[in-house]
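S.K.: Contents of work13.tsv (TSV, C-alpha atoms and all ligand atoms) are given next:
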chain	number	residue	atom	x	y	z
B	1	MET	CA	66.14	14.99	11.13
B	2	GLY	CA	62.65	15.49	12.69
B	3	CYS	CA	61.09	15.90	9.28
B	4	ASP	CA	62.87	12.87	7.87
B	5	THR	CA	61.84	10.76	10.84
B	6	TRP	CA	58.22	11.80	10.42
B	7	ARG	CA	58.44	10.98	6.70
B	8	SER	CA	59.88	7.57	7.35
B	9	LYS	CA	57.20	6.83	10.00
B	10	VAL	CA	54.29	7.64	7.75
B	11	ASN	CA	55.88	5.96	4.73
B	12	PHE	CA	53.69	3.05	3.63
B	13	GLY	CA	56.12	0.94	1.70
B	14	PRO	CA	57.34	2.37	-1.56
B	15	LEU	CA	54.67	5.07	-1.79
B	16	LYS	CA	55.68	8.72	-1.67
B	17	THR	CA	53.92	11.10	0.76
B	18	GLN	CA	52.14	12.98	-2.06
B	19	SER	CA	50.64	9.80	-3.48
B	20	LYS	CA	49.42	8.79	-0.01
B	21	LEU	CA	47.28	11.89	0.42
B	22	PRO	CA	44.55	10.80	-2.04
B	23	ALA	CA	44.50	7.37	-0.37
B	24	PHE	CA	44.14	9.03	3.02
B	25	PHE	CA	41.26	11.23	1.87
B	26	THR	CA	39.55	8.26	0.23
B	27	MET	CA	39.71	6.44	3.56
B	28	VAL	CA	38.27	9.47	5.34
B	29	LEU	CA	35.46	9.61	2.79
B	30	ILE	CA	34.70	5.91	3.15
B	31	PHE	CA	34.73	6.22	6.92
B	32	THR	CA	32.41	9.24	6.80
B	33	TYR	CA	30.01	7.41	4.46
B	34	PHE	CA	29.79	4.41	6.77
B	35	PHE	CA	29.43	6.62	9.82
B	36	TYR	CA	26.44	8.43	8.33
B	37	SER	CA	24.95	5.23	6.96
B	38	LEU	CA	25.10	3.47	10.29
B	39	THR	CA	23.73	6.36	12.27
B	40	GLY	CA	20.95	7.07	9.78
B	41	TYR	CA	22.11	10.61	9.12
B	42	SER	CA	22.44	9.99	5.41
B	43	ASP	CA	18.69	9.44	5.30
B	44	TYR	CA	18.08	12.72	7.01
B	45	LEU	CA	20.55	14.65	4.92
B	46	SER	CA	19.51	13.21	1.61
B	47	SER	CA	15.75	13.44	2.02
B	48	PRO	CA	15.29	16.93	0.54
B	49	ALA	CA	17.20	15.90	-2.59
B	50	TYR	CA	15.10	14.63	-5.46
B	51	ASP	CA	15.94	11.57	-7.42
B	52	PRO	CA	15.48	12.06	-11.16
B	53	GLU	CA	12.44	9.82	-11.21
B	54	SER	CA	10.47	11.65	-8.58
B	55	ALA	CA	11.62	15.03	-9.85
B	56	THR	CA	10.24	14.16	-13.27
B	57	ARG	CA	7.00	13.20	-11.65
B	58	GLY	CA	6.86	16.55	-9.97
B	59	VAL	CA	6.53	18.07	-13.42
B	60	GLU	CA	3.32	16.15	-13.93
B	61	TYR	CA	1.82	17.32	-10.70
B	62	ASP	CA	-0.67	20.15	-10.53
B	63	SER	CA	-3.47	19.81	-8.07
B	64	GLN	CA	-5.66	22.30	-9.94
B	65	SER	CA	-5.58	21.28	-13.56
B	66	GLY	CA	-4.39	17.73	-13.08
B	67	VAL	CA	-1.70	17.53	-15.72
B	68	GLY	CA	1.03	19.25	-17.54
B	69	THR	CA	2.03	22.17	-15.35
B	70	PRO	CA	5.46	22.12	-13.79
B	71	VAL	CA	5.23	22.87	-10.10
B	72	ARG	CA	7.71	22.97	-7.26
B	73	PHE	CA	7.54	20.50	-4.42
B	74	PRO	CA	6.81	22.19	-1.12
B	75	PRO	CA	9.63	22.15	1.42
B	76	HIS	CA	9.74	19.11	3.63
B	77	PRO	CA	6.99	19.76	6.18
B	78	MET	CA	8.00	17.23	8.79
B	79	SER	CA	10.81	17.00	11.24
B	80	ARG	CA	12.91	13.84	11.35
B	81	ARG	CA	11.01	12.65	14.40
B	82	ASN	CA	7.60	13.25	12.93
B	83	ARG	CA	8.44	11.51	9.72
B	84	THR	CA	8.58	8.22	11.55
B	85	GLN	CA	5.62	8.93	13.81
B	86	GLY	CA	2.89	10.02	11.44
B	87	PRO	CA	-0.81	10.01	12.24
B	88	TRP	CA	-1.14	6.64	10.50
B	89	SER	CA	0.95	4.86	13.09
B	90	ASN	CA	-2.17	3.42	14.75
B	91	GLU	CA	-2.97	1.67	11.51
B	92	LEU	CA	0.24	-0.28	11.26
B	93	SER	CA	-0.12	-3.74	9.90
B	94	PRO	CA	0.91	-6.63	12.04
B	95	GLY	CA	4.66	-6.84	11.62
B	96	SER	CA	7.24	-4.32	10.57
B	97	GLN	CA	6.43	-1.10	8.80
B	98	THR	CA	8.76	-1.74	5.92
B	99	ARG	CA	11.00	-4.60	4.93
B	100	GLY	CA	14.28	-4.50	6.85
B	101	ASP	CA	13.69	-1.22	8.69
B	102	ILE	CA	16.41	-1.90	11.21
B	103	SER	CA	18.94	-3.27	8.83
B	104	ILE	CA	21.90	-1.28	7.63
B	105	LEU	CA	20.66	-1.88	4.11
B	106	SER	CA	17.60	0.25	4.86
B	107	ASN	CA	19.73	3.21	3.86
B	108	ALA	CA	20.41	1.81	0.44
B	109	GLY	CA	18.22	2.89	-2.44
B	110	ILE	CA	15.89	5.80	-2.96
B	111	LYS	CA	12.49	6.72	-1.64
B	112	ARG	CA	10.24	6.80	-4.67
B	113	PHE	CA	6.58	7.45	-5.24
B	114	PRO	CA	4.61	4.22	-5.62
B	115	GLN	CA	4.48	2.67	-9.05
B	116	ALA	CA	1.51	0.58	-7.93
B	117	ILE	CA	-1.24	1.26	-5.41
B	118	ILE	CA	-3.91	-0.99	-3.96
B	119	ILE	CA	-6.71	1.59	-4.11
B	120	GLY	CA	-9.53	-0.55	-2.76
B	121	VAL	CA	-11.86	-1.77	-1.69
B	122	LYS	CA	-12.30	-1.51	2.04
B	123	LYS	CA	-12.80	-5.00	3.52
B	124	GLY	CA	-12.03	-6.57	0.16
B	125	GLY	CA	-8.88	-8.38	1.30
B	126	THR	CA	-6.41	-5.55	0.68
B	127	ARG	CA	-4.23	-6.32	3.69
B	128	ALA	CA	-3.92	-9.97	2.77
B	129	LEU	CA	-2.89	-9.08	-0.77
B	130	LEU	CA	-0.28	-6.55	0.34
B	131	GLU	CA	1.24	-8.92	2.89
B	132	PHE	CA	1.40	-11.67	0.26
B	133	LEU	CA	3.12	-9.37	-2.21
B	134	ARG	CA	5.65	-8.23	0.35
B	135	ILE	CA	7.25	-11.64	0.29
B	136	HIS	CA	8.44	-10.80	-3.20
B	137	PRO	CA	12.03	-9.52	-3.16
B	138	ASP	CA	11.19	-6.90	-5.79
B	139	VAL	CA	8.30	-5.41	-3.87
B	140	ARG	CA	8.65	-2.96	-1.04
B	141	ALA	CA	5.60	-1.47	0.58
B	142	VAL	CA	4.51	0.88	3.29
B	143	GLY	CA	3.04	-1.21	6.09
B	144	SER	CA	0.57	1.43	7.21
B	145	GLU	CA	-2.11	3.11	5.12
B	146	PRO	CA	-0.73	6.54	4.12
B	147	HIS	CA	-4.17	8.05	3.24
B	148	PHE	CA	-2.34	10.69	1.23
B	149	PHE	CA	-4.77	11.10	-1.66
B	150	ASP	CA	-7.79	11.36	0.61
B	151	ARG	CA	-6.94	12.70	4.08
B	152	PHE	CA	-3.44	14.13	4.02
B	153	TYR	CA	-3.09	15.63	0.57
B	154	ASP	CA	-2.37	19.05	2.08
B	155	LYS	CA	0.84	17.70	3.61
B	156	GLY	CA	2.42	17.72	0.19
B	157	LEU	CA	4.22	15.31	-2.06
B	158	GLU	CA	7.46	15.33	-0.13
B	159	TRP	CA	5.63	14.20	2.97
B	160	TYR	CA	4.13	11.36	0.97
B	161	ARG	CA	7.44	10.32	-0.51
B	162	SER	CA	9.11	10.40	2.89
B	163	LEU	CA	6.75	7.62	4.01
B	164	MET	CA	7.95	5.30	1.28
B	165	PRO	CA	10.51	2.57	1.86
B	166	ARG	CA	13.77	2.86	-0.04
B	167	THR	CA	13.96	0.82	-3.18
B	168	LEU	CA	16.78	-0.28	-5.41
B	169	ASP	CA	16.52	-0.15	-9.18
B	170	GLY	CA	14.08	-2.80	-10.36
B	171	GLN	CA	12.13	-2.88	-7.10
B	172	ILE	CA	8.54	-1.69	-6.99
B	173	THR	CA	7.24	0.68	-4.34
B	174	MET	CA	3.68	0.03	-3.24
B	175	GLU	CA	1.12	1.26	-0.77
B	176	LYS	CA	-2.47	0.41	0.01
B	177	THR	CA	-5.23	2.73	1.11
B	178	PRO	CA	-8.64	1.20	0.34
B	179	SER	CA	-10.55	4.47	0.77
B	180	TYR	CA	-8.94	5.92	-2.36
B	181	PHE	CA	-11.35	3.93	-4.51
B	182	VAL	CA	-14.35	5.87	-3.19
B	183	THR	CA	-12.69	9.28	-2.86
B	184	ARG	CA	-13.86	11.66	-5.56
B	185	GLU	CA	-10.60	13.62	-5.78
B	186	ALA	CA	-8.29	10.60	-5.64
B	187	PRO	CA	-8.20	9.67	-9.36
B	188	GLN	CA	-7.16	13.14	-10.45
B	189	ARG	CA	-4.58	13.39	-7.69
B	190	VAL	CA	-3.02	10.02	-8.41
B	191	PHE	CA	-2.98	10.78	-12.13
B	192	ALA	CA	-1.36	14.16	-11.54
B	193	LEU	CA	1.44	12.55	-9.61
B	194	ARG	CA	2.05	9.64	-11.94
B	195	SER	CA	-0.21	8.86	-14.86
B	196	GLN	CA	1.43	5.44	-15.30
B	197	THR	CA	0.51	4.25	-11.79
B	198	LYS	CA	-0.77	0.68	-11.75
B	199	LEU	CA	-4.01	0.43	-9.84
B	200	ILE	CA	-5.09	-2.71	-8.04
B	201	VAL	CA	-8.64	-3.13	-6.77
B	202	VAL	CA	-9.53	-6.08	-4.58
B	203	VAL	CA	-13.27	-6.55	-4.89
B	204	ARG	CA	-15.59	-8.79	-2.94
B	205	ASP	CA	-19.32	-9.52	-3.07
B	206	PRO	CA	-20.73	-6.12	-2.04
B	207	VAL	CA	-23.28	-7.72	0.29
B	208	THR	CA	-20.63	-9.66	2.24
B	209	ARG	CA	-18.39	-6.61	2.09
B	210	ALA	CA	-21.14	-4.45	3.65
B	211	VAL	CA	-21.58	-6.99	6.46
B	212	SER	CA	-17.82	-7.09	6.98
B	213	ASP	CA	-17.73	-3.29	7.15
B	214	TYR	CA	-20.61	-3.31	9.63
B	215	THR	CA	-18.83	-5.96	11.73
B	216	GLN	CA	-15.77	-3.75	11.96
B	217	THR	CA	-17.77	-0.67	13.03
B	218	LYS	CA	-19.76	-2.72	15.54
B	219	SER	CA	-16.56	-4.08	17.08
B	220	LYS	CA	-15.62	-0.49	17.92
B	221	ASN	CA	-19.13	0.60	18.85
B	222	PRO	CA	-21.17	-2.28	20.31
B	223	ALA	CA	-24.27	-0.03	20.65
B	224	LEU	CA	-24.54	0.24	16.86
B	225	PRO	CA	-28.11	-0.51	15.64
B	226	PRO	CA	-28.76	-3.77	13.79
B	227	PHE	CA	-27.39	-4.03	10.23
B	228	GLN	CA	-30.83	-3.96	8.59
B	229	ASP	CA	-31.80	-0.75	10.42
B	230	LEU	CA	-28.82	1.00	8.84
B	231	ALA	CA	-29.00	-0.60	5.40
B	232	PHE	CA	-32.64	0.40	4.79
B	233	ARG	CA	-34.57	3.57	5.46
B	234	ASN	CA	-37.68	3.79	7.67
B	235	GLY	CA	-36.64	1.26	10.25
B	236	SER	CA	-35.56	-1.37	7.72
B	237	ARG	CA	-38.89	-1.32	5.77
B	238	GLY	CA	-37.89	1.39	3.31
B	239	PRO	CA	-35.55	1.44	0.32
B	240	VAL	CA	-31.83	0.77	0.52
B	241	ASP	CA	-30.04	3.63	2.23
B	242	THR	CA	-27.22	4.53	-0.14
B	243	SER	CA	-26.05	7.29	2.14
B	244	TRP	CA	-24.68	4.64	4.52
B	245	SER	CA	-21.06	4.17	3.57
B	246	ALA	CA	-21.19	0.39	4.10
B	247	VAL	CA	-23.76	0.26	1.28
B	248	ARG	CA	-22.33	3.01	-0.91
B	249	ILE	CA	-18.82	1.56	-1.12
B	250	GLY	CA	-20.23	-1.59	-2.75
B	251	ILE	CA	-21.57	0.26	-5.81
B	252	TYR	CA	-18.30	-0.49	-7.55
B	253	ALA	CA	-19.40	0.57	-11.05
B	254	LYS	CA	-20.09	4.09	-9.87
B	255	HIS	CA	-16.70	4.52	-8.23
B	256	LEU	CA	-14.87	2.92	-11.12
B	257	GLU	CA	-16.50	5.39	-13.54
B	258	ASN	CA	-14.80	8.15	-11.61
B	259	TRP	CA	-11.38	6.49	-12.05
B	260	LEU	CA	-11.92	5.71	-15.72
B	261	ARG	CA	-12.21	9.43	-16.41
B	262	PHE	CA	-8.46	9.62	-15.79
B	263	PHE	CA	-6.99	6.17	-16.28
B	264	PRO	CA	-7.40	3.73	-19.19
B	265	PRO	CA	-8.76	0.24	-18.38
B	266	SER	CA	-5.25	-1.19	-18.84
B	267	SER	CA	-4.13	0.65	-15.69
B	268	PHE	CA	-6.34	-1.56	-13.50
B	269	LEU	CA	-6.16	-5.04	-12.15
B	270	PHE	CA	-9.24	-6.36	-10.41
B	271	VAL	CA	-8.51	-9.02	-7.86
B	272	SER	CA	-11.28	-11.26	-6.61
B	273	GLY	CA	-11.43	-11.13	-2.81
B	274	GLU	CA	-13.16	-14.53	-2.86
B	275	ARG	CA	-10.45	-16.17	-4.99
B	276	LEU	CA	-7.77	-14.56	-2.85
B	277	VAL	CA	-9.06	-16.77	-0.02
B	278	LEU	CA	-9.70	-19.92	-2.10
B	279	ASP	CA	-6.62	-19.72	-4.32
B	280	PRO	CA	-4.17	-17.12	-3.00
B	281	ALA	CA	-1.30	-18.36	-5.19
B	282	GLY	CA	-3.38	-18.06	-8.36
B	283	GLU	CA	-4.60	-14.57	-7.55
B	284	VAL	CA	-1.18	-13.32	-6.45
B	285	GLY	CA	0.21	-14.86	-9.65
B	286	ARG	CA	-2.06	-12.57	-11.68
B	287	VAL	CA	-0.91	-9.58	-9.65
B	288	GLN	CA	2.75	-10.41	-10.21
B	289	ASP	CA	2.11	-10.62	-13.97
B	290	PHE	CA	0.31	-7.29	-13.92
B	291	LEU	CA	3.21	-5.67	-12.07
B	292	GLY	CA	5.73	-7.17	-14.49
B	293	LEU	CA	7.32	-9.20	-11.70
B	294	ARG	CA	8.75	-12.70	-11.84
B	295	ARG	CA	6.26	-15.18	-10.40
B	296	ILE	CA	8.09	-15.79	-7.17
B	297	VAL	CA	5.22	-15.84	-4.68
B	298	GLY	CA	3.39	-19.11	-5.21
B	299	SER	CA	1.65	-22.04	-3.60
B	300	LYS	CA	4.70	-23.03	-1.55
B	301	HIS	CA	4.28	-19.79	0.44
B	302	PHE	CA	0.76	-20.51	1.68
B	303	TYR	CA	-0.99	-23.00	3.86
B	304	PHE	CA	-4.60	-23.14	4.90
B	305	ASN	CA	-4.99	-22.59	8.61
B	306	GLN	CA	-8.03	-24.60	9.75
B	307	THR	CA	-8.47	-22.63	12.97
B	308	LYS	CA	-8.36	-19.29	11.25
B	309	GLY	CA	-10.31	-20.54	8.25
B	310	PHE	CA	-8.06	-18.56	5.91
B	311	PRO	CA	-4.80	-18.98	4.05
B	312	CYS	CA	-1.78	-17.92	6.04
B	313	LEU	CA	1.85	-17.35	5.16
B	314	LYS	CA	4.43	-20.02	5.81
B	315	LYS	CA	7.18	-17.43	5.98
B	316	PRO	CA	5.97	-13.84	5.98
B	317	GLU	CA	8.25	-10.93	5.19
B	318	GLY	CA	10.63	-10.21	8.04
B	319	SER	CA	9.90	-13.47	9.87
B	320	SER	CA	10.84	-17.10	9.71
B	321	ARG	CA	7.66	-18.37	11.39
B	322	PRO	CA	4.27	-19.02	9.79
B	323	ARG	CA	1.84	-16.23	10.36
B	324	CYS	CA	-1.83	-15.45	9.81
B	325	LEU	CA	-3.30	-11.99	9.62
B	326	GLY	CA	-4.53	-10.47	12.88
B	327	LYS	CA	-7.86	-11.00	14.64
B	328	SER	CA	-9.53	-8.11	12.83
B	329	LYS	CA	-9.03	-9.93	9.52
B	330	GLY	CA	-11.27	-12.89	8.92
B	331	ARG	CA	-13.51	-12.45	11.95
B	332	PRO	CA	-16.97	-14.00	12.25
B	333	HIS	CA	-19.87	-11.91	11.00
B	334	PRO	CA	-23.12	-11.48	12.95
B	335	ALA	CA	-26.22	-13.26	11.63
B	336	ILE	CA	-28.23	-10.93	9.37
B	337	PRO	CA	-31.85	-11.72	8.44
B	338	GLN	CA	-31.99	-13.52	5.08
B	339	GLY	CA	-34.67	-11.15	3.80
B	340	ALA	CA	-32.39	-8.16	4.34
B	341	LEU	CA	-29.49	-9.86	2.57
B	342	GLN	CA	-31.73	-10.80	-0.37
B	343	ARG	CA	-33.00	-7.24	-0.75
B	344	LEU	CA	-29.46	-5.96	-0.76
B	345	ARG	CA	-28.47	-8.58	-3.33
B	346	ASP	CA	-31.31	-7.41	-5.57
B	347	PHE	CA	-30.22	-3.84	-5.12
B	348	TYR	CA	-26.62	-4.52	-6.14
B	349	ARG	CA	-27.38	-6.82	-9.12
B	350	PRO	CA	-27.57	-4.15	-11.85
B	351	PHE	CA	-24.51	-2.38	-10.49
B	352	ASN	CA	-22.62	-5.66	-10.35
B	353	LEU	CA	-23.51	-6.48	-13.95
B	354	LYS	CA	-22.31	-3.07	-15.03
B	355	PHE	CA	-19.13	-3.57	-13.06
B	356	TYR	CA	-18.53	-6.96	-14.76
B	357	GLN	CA	-18.83	-5.21	-18.13
B	358	MET	CA	-16.53	-2.37	-17.16
B	359	SER	CA	-13.87	-4.63	-15.64
B	360	GLY	CA	-14.23	-7.40	-18.24
B	361	GLN	CA	-14.60	-10.01	-15.47
B	362	ASP	CA	-17.55	-11.87	-14.05
B	363	PHE	CA	-17.02	-12.16	-10.31
B	364	GLY	CA	-19.99	-14.50	-9.88
B	365	TRP	CA	-21.72	-12.67	-7.06
B	366	ASP	CA	-25.20	-13.06	-8.57
V	401	LIG	N1	-5.62	-14.69	4.23
V	401	LIG	C1	-6.54	-13.93	4.83
V	401	LIG	N2	-6.58	-13.82	6.16
V	401	LIG	C2	-7.52	-13.05	6.76
V	401	LIG	N3	-8.44	-12.33	6.08
V	401	LIG	C3	-8.43	-12.42	4.75
V	401	LIG	C4	-7.49	-13.21	4.07
V	401	LIG	N4	-7.73	-13.10	2.75
V	401	LIG	C5	-8.76	-12.29	2.62
V	401	LIG	N5	-9.21	-11.87	3.81
V	401	LIG	C6	-10.34	-10.99	4.01
V	401	LIG	O1	-9.85	-9.69	4.20
V	401	LIG	C7	-10.93	-8.98	4.80
V	401	LIG	C8	-10.40	-7.65	5.32
V	401	LIG	O2	-10.18	-6.87	4.18
V	401	LIG	P1	-9.14	-5.68	4.18
V	401	LIG	O3	-7.81	-6.16	4.60
V	401	LIG	O4	-9.24	-5.05	2.83
V	401	LIG	O5	-9.76	-4.74	5.28
V	401	LIG	S1	-9.42	-3.20	5.52
V	401	LIG	O6	-10.19	-2.43	4.55
V	401	LIG	O7	-7.98	-3.02	5.39
V	401	LIG	O8	-9.91	-2.95	6.90
V	401	LIG	C9	-11.43	-9.91	5.84
V	401	LIG	O9	-12.79	-9.61	6.08
V	401	LIG	P2	-13.62	-10.24	7.29
V	401	LIG	O10	-13.74	-11.69	6.98
V	401	LIG	O11	-14.93	-9.57	7.28
V	401	LIG	O12	-12.85	-9.97	8.55
V	401	LIG	C10	-11.21	-11.30	5.22
V	401	LIG	O13	-12.38	-11.89	4.76
Rewrite the structure of this file - the entire thing - as structure tokens.
M.R.:
Amino acid sequence: MGCDTWRSKVNFGPLKTQSKLPAFFTMVLIFTYFFYSLTGYSDYLSSPAYDPESATRGVEYDSQSGVGTPVRFPPHPMSRRNRTQGPWSNELSPGSQTRGDISILSNAGIKRFPQAIIIGVKKGGTRALLEFLRIHPDVRAVGSEPHFFDRFYDKGLEWYRSLMPRTLDGQITMEKTPSYFVTREAPQRVFALRSQTKLIVVVRDPVTRAVSDYTQTKSKNPALPPFQDLAFRNGSRGPVDTSWSAVRIGIYAKHLENWLRFFPPSSFLFVSGERLVLDPAGEVGRVQDFLGLRRIVGSKHFYFNQTKGFPCLKKPEGSSRPRCLGKSKGRPHPAIPQGALQRLRDFYRPFNLKFYQMSGQDFGWD
């Protein structure tokens, strides 16, 4: 009788007990999946597994020879806690680190290596471009600068991939680290990871860029000598001091040569930092075309903020309110003697002309 009673109590309608078992286990599986998804454990458990795309890329990677040698990824070097608190956390952009970090959907998709990287240039407008692109539903980007190919290469590919946001099929993973453009080893390293990587370089008049760079350093170190004392040797009377990074970064042709040893010209898109301010929709339109994206980000997303003196977003990613970039972007520059600026302009002219030839674009700095 006991057994019959039990049977009749667990009888769901016309189904027999045997046919209910698979349904029961399916429910347990579904429950377990949602439990892990909601608590974030699925992220933790799945991180050492390689998606086919990144595993294929691992075959390309060889830090010594650059290409062709299959190598194993190193074991995951970071604990769960450290993965979210990397050394780059001080460099977080204003706003969230990745789109929808706190949403349940953040566990959907796969962490992939970037298909496109903004590799430079420092103070070119790289943050503005990345924040503009992040409005696009098919773009997901790391908010901070990973600095993998210059500073943290020793941490290994899995560390790098763990920083990436999850993407669904058809979405593009991006990051920006402007110092890659001037890092000697970066081209080979990027190529070794993914030879098809699309490379975006935001360039700006090298003279203004140098002043912008100086302004940033001076804001952290007010005792910094005057610009002209650093830009020229012998107390500003001598030749241009190319050992000063603020000057050296602006010799774009030289750095680009280094990249062209590994990547064909078609891998690059050069974005004008000046046009990005004057016509953000136009410049972002070119970037969307280059990335093979639908032109979704357009003029309706921008407005010119008179106080800031720069275009701002009407509705940035992760927010419903208009927002401009932070105070460190678009800040006033100190007055530099005209003579010093002219000498620098003369210095850069031949390099600029060479860069125009190499990039196939005249940026109009001269
Ligand atoms: N929309 C908008 N808002 C604010 N700032 C803008 C914008 N578009 C371009 N810029 C220019 O971006 C310059 C900073 O460049 P980066 O973001 O590449 O700097 S960094 O290398 O990441 O530090 C920054 O340089 P400074 O003007 O010297 O501050 C700006 O001129």
S.K.: Could you please extract the residues within 6 Å of ligand LIG 401 (chain V), counting all atoms listed in the file, and hand them back as a list in words?
M.R.: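 Using all atoms listed in the file, I find these residues within 6 Å of ligand LIG 401 (chain V): Lys122, Lys123, Gly124, Gly125, Thr126, Arg127, Ala128, Pro178, Ser212, Leu276, Val277, Phe310, Pro311, Cys312, Leu325, Ser328, Lys329, Gly330 and Arg331 of chain B.
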S.K.: Let me make sure I understand: among B:Ser267, B:Pro206, B:Pro146, B:Phe304, which one has the smallest atom-to-atom distance to B:Arg323 if we use only C-alpha atoms?
M.R.: B:Phe304
S.K.: Taking into account all atoms listed in the file, which residue in the set B:Phe132, B:Tyr348, B:Tyr160, B:Phe227 is nearest to B:Thr215?
M.R.: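 Closest residue, counting all atoms listed in the file: B:Phe227.
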S.K.: For B:Leu341, which of B:Val240, B:Pro316, B:Arg161, B:Asp289 is the closest residue, counting all atoms listed in the file?
M.R.: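 Using all atoms listed in the file, B:Leu341 sits closest to B:Val240.
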S.K.: Can you list, as a ChimeraX atom specification, every protein, DNA or RNA residue that comes within 7 Å of B:Ala246 when you count only C-alpha atoms, leaving out same-chain residues fewer than 2 positions away?
M.R.: /B:210,213-214,244,248-249
S.K.: Any chance you could export the current selection's C-alpha atoms as a PDB file, keeping the file's coordinate frame?
M.R.:
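Okay, this is what ended up in out_2.pdb:
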ATOM      1  CA  ALA B 210     -21.140  -4.450   3.650  1.00  0.00           C
ATOM      2  CA  ASP B 213     -17.730  -3.290   7.150  1.00  0.00           C
ATOM      3  CA  TYR B 214     -20.610  -3.310   9.630  1.00  0.00           C
ATOM      4  CA  TRP B 244     -24.680   4.640   4.520  1.00  0.00           C
ATOM      5  CA  ARG B 248     -22.330   3.010  -0.910  1.00  0.00           C
ATOM      6  CA  ILE B 249     -18.820   1.560  -1.120  1.00  0.00           C
TER       7      ILE B 249
END
S.K.: Using only C-alpha atoms, find the one residue out of B:Ser144, B:Thr208, B:Ser162, B:Gln342 that sits nearest to B:Lys176.
M.R.: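 Closest residue, counting only C-alpha atoms: B:Ser144.
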S.K.: Need to verify the contact set: B:Gln196, 9 Å, all atoms listed in the file, exclusion of same-chain residues closer than 3 positions in sequence. Can you return it as a list of chain:residue names?
M.R.: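 My list of contacting residues is B:Gln115, B:Ala116, B:Phe191, B:Phe263, B:Ser267.
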S.K.: Quote the spacing between atom CA of B:Ser359 and atom CA of B:Phe270 in Å to one decimal place.
M.R.: 7.2 Å
S.K.: Report, in Å with one decimal, the straight-line distance from atom CA of B:Pro114 to atom CA of B:Thr173.
M.R.: 4.6 Å
S.K.: Kindly give the distance, in Å, that separates atom CA of B:Ser219 and atom CA of B:Asp279, rounded to a single decimal.
M.R.: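 Computing it gives 28.3 Å between the two atoms.
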S.K.: Name the residues in contact with B:Val142 at a cut-off of 8 Å, using all atoms listed in the file, excluding same-chain residues fewer than 2 positions from it; report them as a ChimeraX atom specification.
M.R.: /B:97-98,140,144-146,163-165,174-176
S.K.: Of the residues B:Ala253, B:Leu130, B:Leu168, B:Val211, which is the one nearest to B:Lys354, using all atoms listed in the file?
M.R.: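 The answer is B:Ala253, which sits nearest to B:Lys354.
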S.K.: Closest to B:Glu274 among B:Thr197, B:Gln288, B:Gly120, B:Phe363, using only C-alpha atoms?
M.R.: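 Going through B:Thr197, B:Gln288, B:Gly120, B:Phe363 one by one, the smallest distance to B:Glu274 is for B:Phe363.
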S.K.: Excluding same-chain residues fewer than 2 positions from B:Ile110, what lies within 7 Å of it counting all atoms listed in the file, as a PyMOL selection string?
M.R.: chain B and resi 108+112+166-168
S.K.: Could you please take those selected residues and save C-alpha atoms as a CSV table (one decimal), in the coordinates of the input?
M.R.:
chain,number,residue,atom,x,y,z
B,108,ALA,CA,20.4,1.8,0.4
B,112,ARG,CA,10.2,6.8,-4.7
B,166,ARG,CA,13.8,2.9,0.0
B,167,THR,CA,14.0,0.8,-3.2
B,168,LEU,CA,16.8,-0.3,-5.4
S.K.: Can I get stretch 342-352 of chain B with N, CA and C atoms filled in, as a PDB file, in the coordinates of the input?
M.R.:
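Result saved to out_24.pdb:
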ATOM      1  N   GLN B 342     -31.182 -10.612   0.984  1.00  0.00           N
ATOM      2  CA  GLN B 342     -31.730 -10.800  -0.370  1.00  0.00           C
ATOM      3  C   GLN B 342     -32.074  -9.445  -1.001  1.00  0.00           C
ATOM      4  N   ARG B 343     -32.641  -8.576  -0.216  1.00  0.00           N
ATOM      5  CA  ARG B 343     -33.000  -7.240  -0.750  1.00  0.00           C
ATOM      6  C   ARG B 343     -31.743  -6.483  -1.174  1.00  0.00           C
ATOM      7  N   LEU B 344     -30.712  -6.625  -0.396  1.00  0.00           N
ATOM      8  CA  LEU B 344     -29.460  -5.960  -0.760  1.00  0.00           C
ATOM      9  C   LEU B 344     -28.874  -6.560  -2.032  1.00  0.00           C
ATOM     10  N   ARG B 345     -28.978  -7.884  -2.137  1.00  0.00           N
ATOM     11  CA  ARG B 345     -28.470  -8.580  -3.330  1.00  0.00           C
ATOM     12  C   ARG B 345     -29.194  -8.070  -4.576  1.00  0.00           C
ATOM     13  N   ASP B 346     -30.519  -7.920  -4.439  1.00  0.00           N
ATOM     14  CA  ASP B 346     -31.310  -7.410  -5.570  1.00  0.00           C
ATOM     15  C   ASP B 346     -30.896  -5.987  -5.917  1.00  0.00           C
ATOM     16  N   PHE B 347     -30.630  -5.236  -4.889  1.00  0.00           N
ATOM     17  CA  PHE B 347     -30.220  -3.840  -5.120  1.00  0.00           C
ATOM     18  C   PHE B 347     -28.901  -3.773  -5.898  1.00  0.00           C
ATOM     19  N   TYR B 348     -27.950  -4.610  -5.523  1.00  0.00           N
ATOM     20  CA  TYR B 348     -26.620  -4.520  -6.140  1.00  0.00           C
ATOM     21  C   TYR B 348     -26.563  -5.136  -7.539  1.00  0.00           C
ATOM     22  N   ARG B 349     -27.530  -6.040  -7.872  1.00  0.00           N
ATOM     23  CA  ARG B 349     -27.380  -6.820  -9.120  1.00  0.00           C
ATOM     24  C   ARG B 349     -27.071  -5.958 -10.340  1.00  0.00           C
ATOM     25  N   PRO B 350     -27.887  -4.928 -10.632  1.00  0.00           N
ATOM     26  CA  PRO B 350     -27.570  -4.150 -11.850  1.00  0.00           C
ATOM     27  C   PRO B 350     -26.203  -3.463 -11.794  1.00  0.00           C
ATOM     28  N   PHE B 351     -25.832  -3.031 -10.619  1.00  0.00           N
ATOM     29  CA  PHE B 351     -24.510  -2.380 -10.490  1.00  0.00           C
ATOM     30  C   PHE B 351     -23.388  -3.403 -10.686  1.00  0.00           C
ATOM     31  N   ASN B 352     -23.637  -4.609 -10.169  1.00  0.00           N
ATOM     32  CA  ASN B 352     -22.620  -5.660 -10.350  1.00  0.00           C
ATOM     33  C   ASN B 352     -22.444  -5.990 -11.824  1.00  0.00           C
TER      34      ASN B 352
END
